Structure formats: structure tokens, C-alpha cells
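Undergrad: Hey, dropping data-v4.txt in here, compact mmCIF, C-alpha atoms:
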# COMPACT_ATOMS: atom_id res chain seq x y z
CA MET A 1 -2.12 15.16 -29.67
CA ILE A 2 -0.12 12.53 -27.75
CA ARG A 3 -3.10 11.94 -25.46
CA ASN A 4 -5.32 11.28 -28.48
CA ILE A 5 -2.77 8.92 -29.98
CA LEU A 6 -2.49 6.90 -26.77
CA LYS A 7 -6.26 6.76 -26.52
CA MET A 8 -6.55 5.32 -30.02
CA LEU A 9 -3.84 2.78 -29.35
CA PHE A 10 -5.58 1.74 -26.15
CA LEU A 11 -8.82 1.28 -28.07
CA GLY A 12 -7.05 -1.13 -30.38
CA ILE A 13 -7.01 1.06 -33.44
CA GLY A 14 -3.24 0.94 -33.44
CA PHE A 15 -2.75 2.98 -36.58
CA LEU A 16 0.35 4.92 -35.57
CA PHE A 17 3.84 3.53 -35.42
CA PHE A 18 6.43 6.19 -34.72
CA SER A 19 9.79 6.13 -36.37
CA ASN A 20 12.95 8.09 -35.78
CA ALA A 21 13.35 8.39 -39.54
CA THR A 22 13.30 11.96 -40.81
CA VAL A 23 13.38 13.33 -44.31
CA SER A 24 16.84 14.14 -45.57
CA ALA A 25 17.89 17.76 -45.22
CA ASP A 26 19.43 17.56 -48.71
CA THR A 27 18.36 20.67 -50.56
CA GLN A 28 20.58 20.01 -53.58
CA THR A 29 17.79 18.76 -55.82
CA GLY A 30 19.36 20.12 -58.99
CA GLY A 31 16.22 22.14 -59.53
CA PHE A 32 14.03 25.04 -58.51
CA SER A 33 12.87 23.36 -55.29
CA ASN A 34 14.85 23.38 -52.07
CA ALA A 35 12.06 21.64 -50.14
CA ILE A 36 13.02 19.56 -47.09
CA GLY A 37 9.47 18.69 -46.03
CA SER A 38 8.54 17.93 -42.43
CA SER A 39 10.75 18.02 -39.34
CA GLN A 40 8.10 16.24 -37.26
CA GLN A 41 8.43 12.72 -35.93
CA ALA A 42 7.39 10.22 -38.57
CA VAL A 43 4.24 8.10 -38.53
CA VAL A 44 4.28 4.71 -40.27
CA VAL A 45 1.04 3.56 -41.92
CA ARG A 46 0.43 0.05 -43.24
CA ASN A 47 -3.20 0.06 -44.42
CA LEU A 48 -5.94 2.41 -45.58
CA ALA A 49 -7.46 2.95 -42.12
CA GLN A 50 -4.08 3.96 -40.72
CA LEU A 51 -3.46 6.33 -43.64
CA GLN A 52 -6.90 7.92 -43.19
CA SER A 53 -6.30 8.35 -39.46
CA ALA A 54 -2.88 9.93 -39.98
CA PHE A 55 -4.39 12.30 -42.52
CA SER A 56 -7.35 13.18 -40.27
CA SER A 57 -5.03 13.97 -37.36
CA ASN A 58 -2.88 16.24 -39.57
CA GLN A 59 0.30 14.20 -39.36
CA HIS A 60 2.98 15.95 -41.40
CA HIS A 61 5.47 13.12 -41.89
CA ILE A 62 3.79 9.96 -43.13
CA ILE A 63 5.77 6.85 -44.07
CA VAL A 64 3.97 4.31 -46.25
CA SER A 65 4.99 0.73 -45.47
CA GLY A 66 3.98 -1.90 -48.02
CA SER A 67 1.00 -1.62 -50.37
CA ILE A 68 -2.10 0.36 -49.40
CA TYR A 69 -5.23 -0.24 -51.49
CA GLY A 70 -7.83 2.50 -51.71
CA GLY A 71 -10.67 0.21 -52.71
CA ASN A 72 -12.43 -0.50 -55.98
CA LYS A 73 -13.19 3.20 -56.56
CA PRO A 74 -10.22 5.58 -56.66
CA ILE A 75 -10.09 7.86 -53.62
CA THR A 76 -8.37 11.20 -53.08
CA PHE A 77 -6.61 12.65 -50.05
CA THR A 78 -6.86 16.44 -50.42
CA PHE A 79 -4.34 18.62 -48.56
CA ALA A 80 -6.21 21.91 -48.94
CA ASP A 81 -5.02 24.56 -46.49
CA LYS A 82 -1.99 26.09 -44.81
CA ARG A 83 -2.04 23.46 -42.06
CA TRP A 84 -0.29 21.23 -44.61
CA ASP A 85 2.78 23.40 -45.05
CA ASN A 86 5.98 21.40 -44.43
CA THR A 87 4.69 17.92 -45.27
CA THR A 88 6.56 14.75 -46.23
CA ILE A 89 4.96 11.58 -47.56
CA GLU A 90 7.46 8.85 -48.36
CA GLY A 91 7.71 5.12 -48.82
CA GLN A 92 9.62 2.91 -46.40
CA LYS A 93 12.61 1.28 -48.07
CA GLY A 94 12.50 -2.48 -48.36
CA THR A 95 8.68 -2.75 -48.20
CA ASN A 96 7.75 -2.04 -51.86
CA PRO A 97 5.59 0.92 -50.77
CA SER A 98 2.65 1.71 -53.03
CA LEU A 99 -0.60 3.67 -53.05
CA VAL A 100 -3.09 1.82 -55.24
CA ASN A 101 -6.26 3.57 -56.46
CA ILE A 102 -5.21 6.51 -54.28
CA GLN A 103 -4.52 10.09 -55.36
CA LEU A 104 -2.65 12.71 -53.32
CA LYS A 105 -3.98 16.18 -54.13
CA PHE A 106 -2.07 19.13 -52.66
CA ASP A 107 -4.59 21.84 -53.40
CA GLY A 108 -4.19 25.46 -52.36
CA GLU A 109 -6.65 26.92 -54.89
CA MET A 110 -9.16 28.02 -52.20
CA LEU A 111 -6.54 30.02 -50.30
CA PRO A 112 -6.30 33.83 -50.69
CA SER A 113 -4.64 34.71 -53.99
CA ASN A 114 -1.34 35.65 -52.33
CA GLN A 115 -1.01 32.32 -50.49
CA SER A 116 -0.03 28.78 -51.38
CA ILE A 117 0.80 25.53 -49.60
CA ASN A 118 4.57 25.42 -49.07
CA ASN A 119 7.40 22.91 -48.68
CA ILE A 120 6.09 19.53 -49.83
CA VAL A 121 8.13 16.34 -50.35
CA VAL A 122 6.76 13.09 -51.83
CA LYS A 123 9.24 10.32 -52.52
CA ASN A 124 9.84 6.59 -52.89
CA ILE A 125 6.24 5.50 -53.61
CA THR A 126 4.60 3.60 -56.47
CA PHE A 127 1.27 5.08 -57.58
CA ASN A 128 -0.95 2.95 -59.80
CA GLY A 129 -4.52 2.01 -60.58
CA ILE A 130 -6.10 -1.43 -60.89
CA ILE A 131 -7.37 -1.83 -64.44
CA SER A 132 -10.17 -4.25 -63.55
CA ASP A 133 -11.49 -1.79 -60.93
CA LEU A 134 -11.49 1.13 -63.36
CA GLN A 135 -13.25 -0.93 -66.03
CA LYS A 136 -16.17 -1.61 -63.68
CA LEU A 137 -16.92 2.02 -62.84
CA THR A 138 -20.09 3.31 -64.49
CA GLY A 139 -22.57 6.19 -64.35
CA ASN A 140 -21.82 8.91 -61.83
CA ASP A 141 -18.52 7.25 -60.95
CA ILE A 142 -17.00 8.40 -64.23
CA LYS A 143 -18.82 11.68 -64.94
CA PRO A 144 -17.44 15.07 -63.86
CA GLY A 145 -17.66 15.22 -60.09
CA GLY A 146 -17.64 11.45 -59.74
CA SER A 147 -15.02 9.45 -57.91
CA GLY A 148 -13.18 8.27 -61.01
CA VAL A 149 -12.58 11.68 -62.54
CA ASN A 150 -9.11 13.25 -62.70
CA TYR A 151 -7.54 10.27 -60.98
CA GLU A 152 -3.79 10.90 -60.92
CA GLY A 153 -0.98 9.86 -58.63
CA ILE A 154 -0.09 13.35 -57.40
CA SER A 155 -1.71 16.67 -58.20
CA LEU A 156 -0.02 19.95 -57.22
CA ARG A 157 -2.39 22.94 -57.34
CA ARG A 158 -1.07 26.29 -56.13
CA ILE A 159 1.85 24.70 -54.31
CA ASN A 160 5.14 26.47 -53.73
CA ASN A 161 8.41 24.59 -53.24
CA ALA A 162 7.73 20.89 -53.84
CA TRP A 163 10.11 18.01 -54.46
CA ILE A 164 8.69 14.89 -56.15
CA ASP A 165 11.46 12.31 -56.17
CA HIS A 166 12.06 8.59 -56.88
CA ASN A 167 8.42 7.62 -57.42
CA ASP A 168 6.76 5.32 -59.96
CA PHE A 169 3.55 6.40 -61.72
CA HIS A 170 1.66 4.03 -64.01
CA ASP A 171 -1.80 2.88 -65.16
CA MET A 172 -4.06 5.73 -64.06
CA SER A 173 -7.12 7.18 -65.73
CA ASP A 174 -5.91 10.72 -66.40
CA ASP A 175 -2.48 12.30 -66.54
CA LEU A 176 -0.25 10.40 -64.18
CA PHE A 177 0.87 13.64 -62.51
CA SER A 178 0.10 17.37 -62.76
CA ILE A 179 1.40 20.78 -61.67
CA SER A 180 -1.08 23.61 -62.07
CA LEU A 181 -2.87 26.72 -60.76
CA GLN A 182 0.24 28.88 -60.43
CA SER A 183 2.31 26.36 -58.53
CA ASP A 184 5.94 27.40 -58.37
CA ASN A 185 9.45 26.11 -57.60
CA VAL A 186 8.88 22.40 -58.21
CA THR A 187 11.52 19.74 -58.87
CA VAL A 188 10.47 16.42 -60.43
CA SER A 189 13.43 14.05 -60.28
CA ASN A 190 14.29 10.36 -60.66
CA ASN A 191 10.68 9.25 -61.26
CA ARG A 192 9.24 6.65 -63.64
CA PHE A 193 6.16 7.31 -65.80
CA TRP A 194 4.70 4.52 -67.94
CA PHE A 195 1.70 2.38 -68.91
CA SER A 196 1.51 -1.40 -69.02
CA ASN A 197 0.71 -3.56 -72.03
CA GLN A 198 -2.48 -4.55 -70.20
CA TRP A 199 -3.59 -0.93 -70.24
CA LEU A 200 -2.59 -0.47 -73.87
CA ASN A 201 -4.67 -3.48 -74.92
CA MET A 202 -7.56 -2.91 -72.49
CA ASN A 203 -10.72 -4.76 -73.48
CA PRO A 204 -13.41 -3.99 -72.44
CA ASN A 205 -12.36 -0.41 -73.01
CA PRO A 206 -14.97 1.83 -71.33
CA ASN A 207 -15.68 5.47 -72.08
CA TRP A 208 -14.92 7.98 -69.36
CA ASN A 209 -16.11 11.59 -69.09
CA TRP A 210 -13.42 13.89 -67.73
CA ILE A 211 -14.55 17.42 -68.58
CA GLY A 212 -17.87 16.92 -70.32
CA ASP A 213 -16.31 14.97 -73.16
CA TRP A 214 -16.18 11.20 -73.47
CA HIS A 215 -13.00 9.29 -74.32
CA ASP A 216 -12.13 5.62 -74.21
CA LEU A 217 -10.00 4.73 -71.22
CA ALA A 218 -7.22 2.88 -73.05
CA THR A 219 -6.40 5.93 -75.19
CA GLU A 220 -5.81 8.12 -72.13
CA ARG A 221 -2.17 7.20 -71.66
CA LEU A 222 -1.00 10.68 -70.72
CA THR A 223 2.08 11.56 -68.69
CA MET A 224 1.83 14.95 -67.04
CA VAL A 225 0.94 18.60 -67.48
CA VAL A 226 2.62 21.75 -66.19
CA GLY A 227 -0.03 24.47 -66.32
CA ALA A 228 -3.74 23.79 -66.75
CA ASN A 229 -4.17 26.12 -69.74
CA GLY A 230 -2.65 29.17 -71.40
CA GLY A 231 -3.85 31.44 -68.60
CA ASP A 232 -2.06 29.21 -66.10
CA SER A 233 1.26 29.47 -67.92
CA TYR A 234 4.52 31.21 -67.08
CA MET A 235 3.97 34.10 -69.48
CA GLN A 236 0.25 34.61 -68.88
CA GLY A 237 -0.05 33.54 -65.24
CA GLY A 238 2.18 35.92 -63.32
CA HIS A 239 5.60 34.42 -64.13
CA LYS A 240 5.21 31.43 -61.84
CA MET A 241 5.34 27.71 -62.77
CA HIS A 242 9.13 27.34 -62.39
CA VAL A 243 9.66 23.58 -62.77
CA THR A 244 12.72 21.37 -63.16
CA MET A 245 12.40 17.84 -64.58
CA HIS A 246 15.59 15.81 -64.41
CA ASP A 247 16.69 12.17 -64.45
CA ASN A 248 13.15 10.86 -65.04
CA TYR A 249 12.17 7.83 -67.13
CA PHE A 250 9.24 8.28 -69.56
CA GLY A 251 7.88 5.15 -71.18
CA PRO A 252 6.80 2.72 -72.46
CA ASN A 253 3.29 3.00 -73.97
CA LEU A 254 2.86 6.70 -73.25
CA LYS A 255 0.44 8.28 -75.71
CA GLY A 256 1.89 11.75 -75.23
CA ARG A 257 3.17 14.56 -73.01
CA PRO A 258 4.61 16.03 -70.72
CA LEU A 259 2.72 19.15 -71.83
CA LEU A 260 4.68 22.14 -70.57
CA ARG A 261 3.27 25.64 -70.10
CA GLY A 262 5.67 26.78 -67.37
CA TYR A 263 9.26 27.97 -67.13
CA VAL A 264 10.58 24.42 -67.39
CA HIS A 265 14.10 23.03 -67.41
CA VAL A 266 14.15 19.49 -68.78
CA TYR A 267 17.50 17.69 -68.56
CA ASN A 268 18.95 14.17 -68.18
CA ASN A 269 15.60 12.46 -68.92
CA TYR A 270 15.15 9.25 -70.90
CA PHE A 271 12.10 9.10 -73.21
CA ASP A 272 11.75 5.41 -74.04
CA ASN A 273 9.12 4.46 -76.64
CA ASN A 274 10.65 1.03 -77.24
CA THR A 275 7.27 -0.70 -77.75
CA GLN A 276 6.25 1.76 -80.51
CA PRO A 277 2.50 1.00 -80.30
CA ASN A 278 0.75 1.16 -83.65
CA GLY A 279 -2.54 0.24 -85.25
CA ASN A 280 -5.85 0.91 -83.49
CA ASN A 281 -7.14 -0.14 -80.08
CA SER A 282 -10.46 -1.86 -79.36
CA ALA A 283 -12.30 1.48 -79.60
CA GLY A 284 -10.80 2.19 -83.03
CA PHE A 285 -8.38 4.91 -81.97
CA SER A 286 -4.71 5.09 -82.92
CA GLN A 287 -2.20 3.51 -80.57
CA GLN A 288 0.71 5.57 -81.91
CA GLN A 289 2.46 8.04 -79.66
CA TYR A 290 1.57 11.58 -80.76
CA ASN A 291 4.48 13.28 -79.02
CA ALA A 292 7.15 12.75 -76.40
CA LEU A 293 7.44 16.31 -75.10
CA GLN A 294 5.00 19.14 -75.88
CA ILE A 295 5.81 22.84 -75.69
CA GLY A 296 2.62 24.69 -74.75
CA SER A 297 1.27 28.23 -74.69
CA GLY A 298 3.07 30.77 -72.53
CA SER A 299 6.04 28.53 -71.81
CA TYR A 300 9.79 28.88 -71.55
CA VAL A 301 11.25 25.41 -72.12
CA LEU A 302 14.90 24.40 -72.20
CA SER A 303 15.35 20.75 -73.19
CA GLU A 304 18.95 19.59 -72.92
CA ASN A 305 20.92 16.37 -72.57
CA ASN A 306 17.86 14.13 -72.83
CA SER A 307 17.74 10.81 -74.66
CA PHE A 308 14.87 10.03 -77.06
CA TYR A 309 14.51 6.42 -78.16
CA ARG A 310 11.98 5.50 -80.86
CA THR A 311 9.84 8.48 -79.90
CA ASN A 312 7.34 10.03 -82.31
CA ASN A 313 7.42 13.83 -82.62
CA SER A 314 10.09 14.10 -79.95
CA HIS A 315 9.46 17.82 -79.37
CA LEU A 316 6.13 19.16 -80.59
CA ILE A 317 4.77 22.70 -80.40
CA GLY A 318 1.16 22.35 -79.23
CA LEU A 319 -0.49 25.67 -78.39
CA ASP A 320 -3.92 26.40 -76.92
CA LYS A 321 -4.45 29.15 -79.47
CA SER A 322 -2.59 29.76 -82.69
CA GLY A 323 -0.15 32.60 -82.20
CA ASP A 324 0.33 32.11 -78.46
CA ALA A 325 3.84 33.10 -77.38
CA TYR A 326 6.42 30.58 -76.24
CA LYS A 327 10.18 30.19 -75.95
CA PHE A 328 11.88 26.89 -76.73
CA LEU A 329 15.52 25.84 -76.87
CA GLU A 330 16.85 22.32 -77.35
CA ARG A 331 20.50 21.40 -77.15
CA ASN A 332 22.73 18.34 -76.73
CA ASN A 333 19.83 15.87 -76.90
CA VAL A 334 20.34 12.32 -78.19
CA TYR A 335 17.94 10.90 -80.81
CA ASN A 336 17.85 7.20 -81.68
CA GLN A 337 15.42 5.72 -84.24
CA VAL A 338 12.91 8.52 -83.74
CA THR A 339 10.00 9.23 -86.10
CA GLY A 340 7.85 12.21 -86.99
CA THR A 341 9.15 15.74 -86.58
CA ASN A 342 11.19 17.63 -84.01
CA ALA A 343 10.35 21.25 -83.21
CA LYS A 344 12.92 23.90 -83.97
CA SER A 345 14.28 26.22 -81.30
CA ASN A 346 13.13 29.84 -81.28
CA ALA A 347 15.22 31.00 -78.31
CA ASN A 348 18.88 31.23 -77.32
CA SER A 349 20.80 30.39 -74.16
CA SER A 350 20.83 33.95 -72.86
CA GLU A 351 17.05 33.80 -72.40
CA PHE A 352 17.33 31.06 -69.75
CA SER A 353 18.89 31.22 -66.29
CA PHE A 354 18.58 28.97 -63.25
CA PRO A 355 19.38 29.66 -59.60
CA TYR A 356 20.93 26.24 -59.02
CA HIS A 357 23.88 24.12 -60.00
CA TYR A 358 23.28 21.01 -62.10
CA ASN A 359 25.31 18.35 -63.89
CA THR A 360 24.35 16.96 -67.27
CA LEU A 361 24.81 13.44 -68.61
CA THR A 362 25.95 12.76 -72.16
CA GLY A 363 25.39 10.16 -74.85
CA GLY A 364 24.59 6.63 -73.72
CA ASN A 365 25.13 7.61 -70.09
CA ILE A 366 21.70 9.27 -70.06
CA GLN A 367 19.81 6.07 -70.87
CA GLN A 368 22.00 3.92 -68.62
CA GLN A 369 22.00 6.16 -65.56
CA VAL A 370 18.29 7.03 -65.69
CA THR A 371 17.28 3.39 -66.17
CA ILE A 372 19.35 2.30 -63.17
CA HIS A 373 18.57 5.10 -60.75
CA SER A 374 14.97 6.20 -61.44
CA GLY A 375 11.98 4.93 -59.49
CA PRO A 376 11.57 3.95 -55.83
CA PHE A 377 14.52 2.71 -53.81
CA LYS A 378 14.69 -1.04 -53.30
Can you give me the file's structure in the form of C-alpha cells?
TA:
Amino acid sequence: MIRNILKMLFLGIGFLFFSNATVSADTQTGGFSNAIGSSQQAVVVRNLAQLQSAFSSNQHHIIVSGSIYGGNKPITFTFADKRWDNTTIEGQKGTNPSLVNIQLKFDGEMLPSNQSINNIVVKNITFNGIISDLQKLTGNDIKPGGSGVNYEGISLRRINNAWIDHNDFHDMSDDLFSISLQSDNVTVSNNRFWFSNQWLNMNPNPNWNWIGDWHDLATERLTMVVGANGGDSYMQGGHKMHVTMHDNYFGPNLKGRPLLRGYVHVYNNYFDNNTQPNGNNSAGFSQQQYNALQIGSGSYVLSENNSFYRTNNSHLIGLDKSGDAYKFLERNNVYNQVTGTNAKSNANSSEFSFPYHYNTLTGGNIQQQVTIHSGPFK
């Protein structure tokens, strides 16, 4: 591999810049994951060509320096086999690292049923789309199978042991982030999920076709899903989908979700709907948030010590089929100027247990601490 690297440098490609930086060995994520990512020497990438070359040469520790633009059509880097076990992708502090119109898809769905891609860390990166680019996509670009479909920041599909930490996700055409296809042992911590006012008020507001159904782009202000459907849930999917979400910032302008179908522990998060969008957008659809946190089919969800500010339907039961089983417990949450309804618990504390230690915030400390400490490092 070193010979190939030197050859490329000699040819003037110059895409690799090695760093002595290594991912922290801190496994105390306060969640189900104890991922430490790669132990390989790090490769710094500063533009799209360098990122593509690092990916093509199976580099396991990639450091993003500055902003990398994927072009006017969103592109996806798909990590699809066991070669990608033990991978770290992180932003370089002090460079405002971002991946623009770029999706990272960790996708083990084609592996044998007893295998997954293991030990993944993604941290300290801003993921976002360019509204003007998305507005210009037409035809096959936005139909199922086209380049604009299912454009998220990060997608985890049959991944075991992943830590997604201190990232920023905003202004993308589908859910900002997803965990699905029997992924397991995932911690989502200290991230920011939101949409801009420019997205909220998008005009022109084109229709996109995600799964054979057309929707206007501005209405798709969705946060994240855990579990693709009821069959991919904790109860119905083999008792996987163990996910911890803590110290994340959700808002503003989120239409709805997270939608949770896993065994999910949600604590110390701040749900901030301070803009309280209302009325209709340019396509005639309601701007109002339909929920802050959704409990889905086949889930076990403990929501504790979270802060909800001006949210609508702070906890909502939203099942794939009426009568689907779920377990939900909420305790010690803070509600401030909320609207709509709040789902009632149907479980007790004895039905939840976690193999990790965690500390909860209380009262106004939740909003203050999450606001200060979430998102990429400066």
C-alpha cells in the first residue's frame, strides 16, 4: 500500500496527508456502543478527489479537513463489506470540517445474515445539502434509484457497534440520519439536527419521489429513524436495534421524528421547536411540527431527563399497524410551552436495563449543557 501511495504522490495526485492523530480510545460513550474505530494511521483529505481516493484505497481512518463539496448532485460513499470493520471518519478540529451533498452509507445488508459491519466511529463533521442544488434536480435524479433519493448524512444498515458523536446534520432531502436493517449497539451523542429557515420557506418547492410516492421537498423536514419498519424493530426483528441517544440537540424547524422502533434509551436531549412553524408552505402543506419524538411498532423506549421547548405532540405513539406491541416509559422530562398531546407510559422501570453507566441532567441544565456542548468541536 505504501508503494502505491508514494506512486500517487510522485504523479502529483497528492491526496494523502498522514497524521499522527488517532481516534480516542474512550469507550465511555454513556450508551450501548463501546466503539473505538480505527487504530490505523490517519489520512487527511481536503477535497472530493482526495476523499474518493482514500475511500477507493480502503483507508480506515479518514480525517476531513475543511469543507468538501460533492457536486450539484448528492453522492454516496457506500461502505458495504467486512473490509470496513474498524473505521473512523472524523473532522479535523479548527477547520470547520463539512461534507456537503455527500452521504456516508455503512451498509452491511448484502452480507450473510449472521454478519454485520463492526466498530464504526463518525465524529466532528457537519453534513448538509445545498438547497439550490436540490431544487434543480429533475427526472431520474429524484425518482427511486436516482442520485437524489434517500439522501441523508449518515445511514447505518446492519451495523454493529457504532458511535456517532458531535456532528451537525441539517438541510437534507430525507431523514437527516437513519439506523436500520437490524443494526445494533449504536450510540448517538452530542449531535445537532435541524433545518434552516431557507429550507422551511423553500420556493420553488419541487416534488421528490422517494419510494414511489411524491412529496414536496420543503415538507420533508425529518430527523431520523431507528428501524425501517415494524419487521425491523426490536420486538419483531430478533431483539436487536439497541440504541442510545443522549445529549443531542433537535431543532429548529423539524417537522417530526425521531421515529423509534428499537430498544432505545433517550436521555439528556434538548428538543427545541422555538420557531413554531405554522400556516402552510408554498405547496399548501402544513408547516406545523407533527411530533417531537415518535414511539413506533415493536419498540422499547425509555425517555428520561429530556427538555421539550414549544414542541407539538412531544411524545406520540405512531404505529405501523394498529395493535402493534410497544413499551414506553417517560420520566423526569421537562416541558415548557408545549402543545398537542403527550403519550402516556405503558411500562415501568423494571422492564428496562442498560449495560452502561450514565449521568442525567436536570431542569434548565439540560437545555444549557446540550446547547453549549452539542455539534462539532470548534
Undergrad: Expressed in Å to a single decimal, how great is the separation between atom CA of A:Thr138 and atom CA of A:Thr76?
TA: 18.2 Å
Undergrad: Which polymer residues, protein or nucleic acid, are no farther than 12 Å from (21.1, 28.6, -61.9), counting only C-alpha atoms, as an MDAnalysis selection string?
TA: chainID A and resid 28 30:33 244 265 352:359
Undergrad: Calculated over only C-alpha atoms, which of the candidates A:Ile372, A:Val186, A:Ala325, A:Val266 has the smallest distance to A:Asn160?
TA: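 Result for the nearest residue to A:Asn160: A:Val186.
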Undergrad: I'd like the neighbourhood of A:His315 as a list in words, where a residue qualifies if any of its atoms comes within 9 Å (using only C-alpha atoms), though same-chain residues fewer than 3 positions away should be ignored.
TA: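 Once the adjacent positions are removed, what remains is Asn291, Ala292, Leu293, Gln294, Ile295, Asn312, Glu330, Thr341, Asn342, Ala343 and Lys344 of chain A.
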Undergrad: Using only C-alpha atoms, which of the listed residues (A:Gly129, A:Gly323, A:Gly318, A:Gly37) sits closest to A:Asn161?
TA: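 Of A:Gly129, A:Gly323, A:Gly318, A:Gly37, the one nearest A:Asn161 is A:Gly37, counting only C-alpha atoms.
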Undergrad: Find the smallest box with edges along x, y and z containing every listed atom of stretch 119-128 of chain A, then add 6 Å on each side and report centre and edge lengths in Å to one decimal, as JSON.
TA:
{"center_x": 4.4, "center_y": 12.9, "center_z": -54.2, "size_x": 22.8, "size_y": 32.0, "size_z": 23.1}
Undergrad: Could you list, as a ChimeraX atom specification, every residue within 8 Å of A:Pro144, counting all atoms listed in the file and ignoring same-chain residues fewer than 4 positions away?
TA: /A:140,149,209-212
Undergrad: Neighbouring residues of A:Ser180 were defined as those with any atom within 7 Å, considering all atoms listed in the file; residues of the same chain fewer than 5 positions away were excluded. Please report them as a ChimeraX atom specification.
TA: /A:156-158,226-228,232
Undergrad: Selection from above, C-alpha atoms, as a PDB file, keeping the file's coordinate frame, can you write it?
TA:
ATOM      1  CA  LEU A 156      -0.020  19.950 -57.220  1.00  0.00           C
ATOM      2  CA  ARG A 157      -2.390  22.940 -57.340  1.00  0.00           C
ATOM      3  CA  ARG A 158      -1.070  26.290 -56.130  1.00  0.00           C
ATOM      4  CA  VAL A 226       2.620  21.750 -66.190  1.00  0.00           C
ATOM      5  CA  GLY A 227      -0.030  24.470 -66.320  1.00  0.00           C
ATOM      6  CA  ALA A 228      -3.740  23.790 -66.750  1.00  0.00           C
ATOM      7  CA  ASP A 232      -2.060  29.210 -66.100  1.00  0.00           C
TER       8      ASP A 232
END
Undergrad: From the options A:Pro277, A:Ile142, A:Asn86, A:Phe250, which residue's atoms come nearest to A:Phe308, counting all atoms listed in the file?
TA: A:Phe250
Undergrad: Which polymer residues, protein or nucleic acid, are no farther than 12 Å from (0.1, 11.9, -74.4), counting only C-alpha atoms, as a PyMOL selection string?
TA: chain A and resi 174-176+193-195+218-225+250-260+273+286-294+311-314+316+318
Undergrad: Between A:Leu319, A:Gly108, A:Val243, A:Asp171, which is the closest to A:Asn229 once you count only C-alpha atoms?
TA: A:Leu319
Undergrad: Have a look at A:Gly146, A:Gly262, A:Pro206, A:Gly231 and name the one nearest to A:Asp184; count all atoms listed in the file.
TA: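 Of A:Gly146, A:Gly262, A:Pro206, A:Gly231, the one nearest A:Asp184 is A:Gly262, counting all atoms listed in the file.
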Undergrad: Which residue out of A:Gly70, A:Pro204, A:Gly94, A:Pro112 has the minimum interatomic distance to A:Ser147 when all atoms listed in the file are used?
TA: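 For A:Ser147, the nearest of the given residues is A:Gly70.
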Undergrad: How far is it from atom CA of A:Ser233 to atom CA of A:Ser173, in Å with one decimal?
TA: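 We find that atom CA of A:Ser233 and atom CA of A:Ser173 lie 23.9 Å from each other.
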Undergrad: Grab the atom CA of A:Gln367 to atom CA of A:Ser307 distance for me, in Å with one decimal place.
TA: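 Separating atom CA of A:Gln367 from atom CA of A:Ser307 is a distance of 6.4 Å.
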Undergrad: Taking 3 positions as the minimum chain separation for residues in the same chain, which residues sit within 8 Å of A:Asp165 when counting only C-alpha atoms? Answer as number ranges by chain.
TA: A: 121-124, 187-191
Undergrad: Can you write out the residues you just picked, keeping C-alpha atoms, as a PDB file, in the frame of the given file?
TA:
ATOM      1  CA  VAL A 121       8.130  16.340 -50.350  1.00  0.00           C
ATOM      2  CA  VAL A 122       6.760  13.090 -51.830  1.00  0.00           C
ATOM      3  CA  LYS A 123       9.240  10.320 -52.520  1.00  0.00           C
ATOM      4  CA  ASN A 124       9.840   6.590 -52.890  1.00  0.00           C
ATOM      5  CA  THR A 187      11.520  19.740 -58.870  1.00  0.00           C
ATOM      6  CA  VAL A 188      10.470  16.420 -60.430  1.00  0.00           C
ATOM      7  CA  SER A 189      13.430  14.050 -60.280  1.00  0.00           C
ATOM      8  CA  ASN A 190      14.290  10.360 -60.660  1.00  0.00           C
ATOM      9  CA  ASN A 191      10.680   9.250 -61.260  1.00  0.00           C
TER      10      ASN A 191
END
Undergrad: Mind checking which residues fall within 9 Å of stretch 66-68 of chain A, counting all atoms listed in the file, ignoring those fewer than 3 positions away in the same chain, and posting them as a list of chain:residue names?
TA: A:Val45, A:Arg46, A:Asn47, A:Leu48, A:Leu51, A:Gly91, A:Gln92, A:Gly94, A:Thr95, A:Asn96, A:Pro97, A:Ser98, A:Leu99, A:Val100, A:Asn101, A:Ile102, A:Thr126
Undergrad: Could you rebuild stretch 122-134 of chain A with N, CA and C atoms and give me the result as an mmCIF file, in the frame of the given file?
TA:
data_model
loop_
_atom_site.group_PDB
_atom_site.id
_atom_site.type_symbol
_atom_site.label_atom_id
_atom_site.label_comp_id
_atom_site.auth_asym_id
_atom_site.auth_seq_id
_atom_site.Cartn_x
_atom_site.Cartn_y
_atom_site.Cartn_z
ATOM 1 N N VAL A 122 7.346 14.432 -51.639
ATOM 2 C CA VAL A 122 6.760 13.090 -51.830
ATOM 3 C C VAL A 122 7.811 12.254 -52.531
ATOM 4 N N LYS A 123 8.170 11.105 -51.920
ATOM 5 C CA LYS A 123 9.240 10.320 -52.520
ATOM 6 C C LYS A 123 9.082 8.831 -52.211
ATOM 7 N N ASN A 124 9.662 8.035 -53.087
ATOM 8 C CA ASN A 124 9.840 6.590 -52.890
ATOM 9 C C ASN A 124 8.524 5.823 -52.779
ATOM 10 N N ILE A 125 7.542 6.170 -53.620
ATOM 11 C CA ILE A 125 6.240 5.500 -53.610
ATOM 12 C C ILE A 125 5.854 5.130 -55.043
ATOM 13 N N THR A 126 5.234 3.972 -55.200
ATOM 14 C CA THR A 126 4.600 3.600 -56.470
ATOM 15 C C THR A 126 3.136 3.976 -56.416
ATOM 16 N N PHE A 127 2.683 4.705 -57.434
ATOM 17 C CA PHE A 127 1.270 5.080 -57.580
ATOM 18 C C PHE A 127 0.719 4.359 -58.812
ATOM 19 N N ASN A 128 -0.348 3.608 -58.635
ATOM 20 C CA ASN A 128 -0.950 2.950 -59.800
ATOM 21 C C ASN A 128 -2.410 2.622 -59.553
ATOM 22 N N GLY A 129 -3.136 2.436 -60.644
ATOM 23 C CA GLY A 129 -4.520 2.010 -60.580
ATOM 24 C C GLY A 129 -4.640 0.535 -60.914
ATOM 25 N N ILE A 130 -5.782 -0.045 -60.550
ATOM 26 C CA ILE A 130 -6.100 -1.430 -60.890
ATOM 27 C C ILE A 130 -7.049 -1.406 -62.089
ATOM 28 N N ILE A 131 -6.610 -1.935 -63.204
ATOM 29 C CA ILE A 131 -7.370 -1.830 -64.440
ATOM 30 C C ILE A 131 -8.762 -2.420 -64.282
ATOM 31 N N SER A 132 -8.865 -3.596 -63.683
ATOM 32 C CA SER A 132 -10.170 -4.250 -63.550
ATOM 33 C C SER A 132 -11.133 -3.410 -62.713
ATOM 34 N N ASP A 133 -10.630 -2.673 -61.721
ATOM 35 C CA ASP A 133 -11.490 -1.790 -60.930
ATOM 36 C C ASP A 133 -11.998 -0.634 -61.785
ATOM 37 N N LEU A 134 -11.104 -0.021 -62.544
ATOM 38 C CA LEU A 134 -11.490 1.130 -63.360
ATOM 39 C C LEU A 134 -12.489 0.723 -64.446
#
